[in-house]
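Dumped protein.pdb below, it's PDB, C-alpha atoms:
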ATOM      1  CA  MET A  48     105.597 112.204  90.814  1.00  0.00           C
ATOM      2  CA  PHE A  49     108.721 113.160  88.902  1.00  0.00           C
ATOM      3  CA  VAL A  50     106.753 114.337  85.877  1.00  0.00           C
ATOM      4  CA  SER A  51     104.387 116.302  88.110  1.00  0.00           C
ATOM      5  CA  VAL A  52     107.265 118.313  89.523  1.00  0.00           C
ATOM      6  CA  LEU A  53     108.773 118.868  86.092  1.00  0.00           C
ATOM      7  CA  THR A  54     105.495 120.075  84.598  1.00  0.00           C
ATOM      8  CA  ARG A  55     104.921 122.393  87.558  1.00  0.00           C
ATOM      9  CA  LYS A  56     108.421 123.846  87.465  1.00  0.00           C
ATOM     10  CA  ARG A  57     107.188 127.279  86.412  1.00  0.00           C
ATOM     11  CA  GLU A  58     104.453 127.250  89.069  1.00  0.00           C
ATOM     12  CA  LEU A  59     107.003 126.364  91.739  1.00  0.00           C
ATOM     13  CA  ALA A  60     109.271 129.163  90.516  1.00  0.00           C
ATOM     14  CA  THR A  61     106.356 131.596  90.758  1.00  0.00           C
ATOM     15  CA  LEU A  62     105.676 130.489  94.325  1.00  0.00           C
ATOM     16  CA  ALA A  63     109.353 130.980  95.147  1.00  0.00           C
ATOM     17  CA  SER A  64     109.304 134.461  93.632  1.00  0.00           C
ATOM     18  CA  ILE A  65     106.477 135.581  95.916  1.00  0.00           C
ATOM     19  CA  GLY A  66     108.196 134.302  99.031  1.00  0.00           C
ATOM     20  CA  MET A  67     107.748 130.549  99.401  1.00  0.00           C
ATOM     21  CA  SER A  68     110.953 129.126 100.808  1.00  0.00           C
ATOM     22  CA  GLY A  69     112.688 126.047  99.482  1.00  0.00           C
ATOM     23  CA  ARG A  70     111.876 124.177 102.663  1.00  0.00           C
ATOM     24  CA  GLN A  71     108.167 124.995 102.347  1.00  0.00           C
ATOM     25  CA  THR A  72     108.214 123.814  98.739  1.00  0.00           C
ATOM     26  CA  ARG A  73     109.956 120.566  99.658  1.00  0.00           C
ATOM     27  CA  ASP A  74     107.465 119.984 102.482  1.00  0.00           C
ATOM     28  CA  MET A  75     104.546 120.652 100.134  1.00  0.00           C
ATOM     29  CA  LEU A  76     105.897 118.226  97.514  1.00  0.00           C
ATOM     30  CA  ARG A  77     106.652 115.606 100.161  1.00  0.00           C
ATOM     31  CA  ASP A  78     103.116 115.907 101.564  1.00  0.00           C
ATOM     32  CA  GLU A  79     101.637 115.559  98.076  1.00  0.00           C
ATOM     33  CA  GLY A  80     103.739 112.458  97.480  1.00  0.00           C
ATOM     34  CA  LEU A  81     102.645 110.919 100.759  1.00  0.00           C
ATOM     35  CA  GLY A  82      99.043 111.786  99.909  1.00  0.00           C
ATOM     36  CA  TYR A  83      99.340 109.927  96.619  1.00  0.00           C
ATOM     37  CA  ALA A  84     100.917 106.970  98.410  1.00  0.00           C
ATOM     38  CA  ILE A  85      98.134 106.842 100.997  1.00  0.00           C
ATOM     39  CA  ILE A  86      95.445 107.031  98.314  1.00  0.00           C
ATOM     40  CA  THR A  87      97.165 104.209  96.409  1.00  0.00           C
ATOM     41  CA  ILE A  88      97.436 102.037  99.497  1.00  0.00           C
ATOM     42  CA  LEU A  89      93.808 102.645 100.525  1.00  0.00           C
ATOM     43  CA  CYS A  90      92.570 101.793  97.035  1.00  0.00           C
ATOM     44  CA  SER A  91      94.682  98.671  97.080  1.00  0.00           C
ATOM     45  CA  LEU A  92      93.373  97.626 100.473  1.00  0.00           C
ATOM     46  CA  THR A  93      89.741  98.073  99.509  1.00  0.00           C
ATOM     47  CA  LEU A  94      89.267  97.590  95.792  1.00  0.00           C
ATOM     48  CA  CYS A  95      92.083  95.206  94.913  1.00  0.00           C
ATOM     49  CA  ASN A  96      91.667  92.957  97.925  1.00  0.00           C
ATOM     50  CA  SER A  97      87.936  92.627  97.319  1.00  0.00           C
ATOM     51  CA  ILE A  98      88.589  91.698  93.678  1.00  0.00           C
ATOM     52  CA  VAL A  99      91.182  89.098  94.706  1.00  0.00           C
ATOM     53  CA  TYR A 100      88.855  87.574  97.278  1.00  0.00           C
ATOM     54  CA  GLY A 101      85.979  87.571  94.785  1.00  0.00           C
ATOM     55  CA  LEU A 102      88.112  85.763  92.224  1.00  0.00           C
ATOM     56  CA  PHE A 103      89.188  83.295  94.888  1.00  0.00           C
ATOM     57  CA  SER A 104      85.545  82.621  95.741  1.00  0.00           C
ATOM     58  CA  LEU A 105      84.893  81.744  92.116  1.00  0.00           C
ATOM     59  CA  TYR A 106      87.923  79.441  92.086  1.00  0.00           C
ATOM     60  CA  LYS A 107      86.884  77.879  95.388  1.00  0.00           C
ATOM     61  CA  SER A 108      83.571  76.801  93.886  1.00  0.00           C
ATOM     62  CA  ALA A 109      85.506  74.831  91.256  1.00  0.00           C
ATOM     63  CA  ALA A 110      88.207  73.480  93.574  1.00  0.00           C
ATOM     64  CA  ASP A 111      87.028  72.576  97.073  1.00  0.00           C
ATOM     65  CA  TYR A 112      90.563  71.944  98.313  1.00  0.00           C
ATOM     66  CA  ALA A 113      91.717  75.560  97.713  1.00  0.00           C
ATOM     67  CA  GLN A 114      92.518  77.754 100.694  1.00  0.00           C
ATOM     68  CA  PHE A 115      92.817  81.520 100.727  1.00  0.00           C
ATOM     69  CA  THR A 116      95.986  82.848 102.320  1.00  0.00           C
ATOM     70  CA  TYR A 117      96.821  86.528 102.306  1.00  0.00           C
ATOM     71  CA  PRO A 118     100.478  87.368 101.566  1.00  0.00           C
ATOM     72  CA  PHE A 119     100.698  89.865 104.436  1.00  0.00           C
ATOM     73  CA  ILE A 120     104.488  90.328 104.601  1.00  0.00           C
ATOM     74  CA  PRO A 121     105.059  90.838 100.834  1.00  0.00           C
ATOM     75  CA  VAL A 122     102.131  93.265 100.673  1.00  0.00           C
ATOM     76  CA  MET A 123     103.477  95.283 103.593  1.00  0.00           C
ATOM     77  CA  ALA A 124     106.913  95.335 101.934  1.00  0.00           C
ATOM     78  CA  ILE A 125     105.367  96.684  98.728  1.00  0.00           C
ATOM     79  CA  TYR A 126     103.464  99.327 100.694  1.00  0.00           C
ATOM     80  CA  ALA A 127     106.718 100.377 102.358  1.00  0.00           C
ATOM     81  CA  VAL A 128     108.364 100.699  98.935  1.00  0.00           C
ATOM     82  CA  ILE A 129     105.423 102.767  97.657  1.00  0.00           C
ATOM     83  CA  LEU A 130     105.707 105.105 100.656  1.00  0.00           C
ATOM     84  CA  LEU A 131     109.457 105.415 100.222  1.00  0.00           C
ATOM     85  CA  VAL A 132     109.279 106.150  96.494  1.00  0.00           C
ATOM     86  CA  CYS A 133     106.482 108.687  96.904  1.00  0.00           C
ATOM     87  CA  PHE A 134     108.398 110.343  99.756  1.00  0.00           C
ATOM     88  CA  ILE A 135     111.773 110.602  97.991  1.00  0.00           C
ATOM     89  CA  THR A 136     110.917 111.164  94.314  1.00  0.00           C
ATOM     90  CA  PRO A 137     109.287 114.630  94.484  1.00  0.00           C
ATOM     91  CA  VAL A 138     112.072 116.073  96.621  1.00  0.00           C
ATOM     92  CA  ASN A 139     114.756 114.714  94.293  1.00  0.00           C
ATOM     93  CA  ALA A 140     112.908 116.087  91.267  1.00  0.00           C
ATOM     94  CA  TYR A 141     112.674 119.481  92.947  1.00  0.00           C
ATOM     95  CA  LYS A 142     116.393 119.447  93.757  1.00  0.00           C
ATOM     96  CA  ASP A 143     117.097 118.822  90.060  1.00  0.00           C
ATOM     97  CA  SER A 144     114.822 121.666  88.989  1.00  0.00           C
ATOM     98  CA  ILE A 145     116.297 124.331  91.302  1.00  0.00           C
ATOM     99  CA  LYS A 146     119.776 124.092  89.829  1.00  0.00           C
ATOM    100  CA  MET A 147     118.848 127.005  87.578  1.00  0.00           C
ATOM    101  CA  THR A 148     118.403 130.478  88.997  1.00  0.00           C
ATOM    102  CA  LEU A 149     114.940 131.735  89.866  1.00  0.00           C
ATOM    103  CA  VAL A 150     114.904 134.135  86.912  1.00  0.00           C
ATOM    104  CA  GLU A 151     115.848 131.326  84.496  1.00  0.00           C
ATOM    105  CA  ARG A 152     113.101 129.119  85.903  1.00  0.00           C
ATOM    106  CA  LEU A 153     110.524 131.907  85.532  1.00  0.00           C
ATOM    107  CA  ARG A 154     111.578 132.619  81.942  1.00  0.00           C
ATOM    108  CA  GLU A 155     111.577 129.006  80.914  1.00  0.00           C
ATOM    109  CA  THR A 156     108.797 128.154  78.452  1.00  0.00           C
ATOM    110  CA  GLU A 157     107.107 124.808  78.399  1.00  0.00           C
TER     111      GLU A 157
END

Using structure tokens, write down the structure that the file contains.
Amino acid sequence: MFVSVLTRKRELATLASIGMSGRQTRDMLRDEGLGYAIITILCSLTLCNSIVYGLFSLYKSAADYAQFTYPFIPVMAIYAVILLVCFITPVNAYKDSIKMTLVERLRETE
């Protein structure tokens, strides 16, 4: 997320020069971050959980005494951290990038 904002610094400066406000930019970056978080969580819920259960099924055939328990609370805590990081990081990266004037940001070469 941080690198995405840094690599798009010139694009964000161009949007600001044609009238996009700082609040609109922050909202856009925050929405993108939350979108990435939701995609990550959905992939984790579907793909990763099916892989874990499939591996457990293989283990269960070798060890009849094994029981599958899902670590619900730690997983929810990790999802909360993912949401928090993806919500905060783009806005903080944008705040760092707007310390220069708009003209300096437009002139900056990559």

Report as a tab-separated table: every residue of stretch 109-150 of chain A with an atom at most 7 Å from stretch 61-84 of chain A, its closest pair of atoms, and their distance in Å to one decimal, counting only C-alpha atoms, with rows sorted by chain and ascending residue number.
residue	atom	partner	partner_atom	distance
A:Ile129	CA	A:Ala84	CA	6.2
A:Leu130	CA	A:Ala84	CA	5.6
A:Cys133	CA	A:Gly80	CA	4.7
A:Phe134	CA	A:Arg77	CA	5.6
A:Pro137	CA	A:Leu76	CA	5.8
A:Val138	CA	A:Arg73	CA	5.8

Hey, which of A:Thr116, A:Leu131, A:Ala60, A:Tyr126 ends up closest to A:Leu89? Count only C-alpha atoms.
A:Tyr126

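Atom CA of A:Phe49 to atom CA of A:Ala124 spans 22.2 Å [interatomic distance, one decimal].
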
On this file, the PyMOL selection byres ((chain A and resi 144) around 12) gives some set of residues; write that set as a PyMOL selection string.
chain A and resi 49-60+69+72-73+137-143+145-149+151-153+155

Choose the residue, out of A:Ala110, A:Ile85, A:Cys95, A:Leu102, that has the smallest atom-to-atom separation from A:Ala127; count all atoms listed in the file.
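Looking only at the distances to A:Ala127, the closest residue turns out to be A:Ile85.
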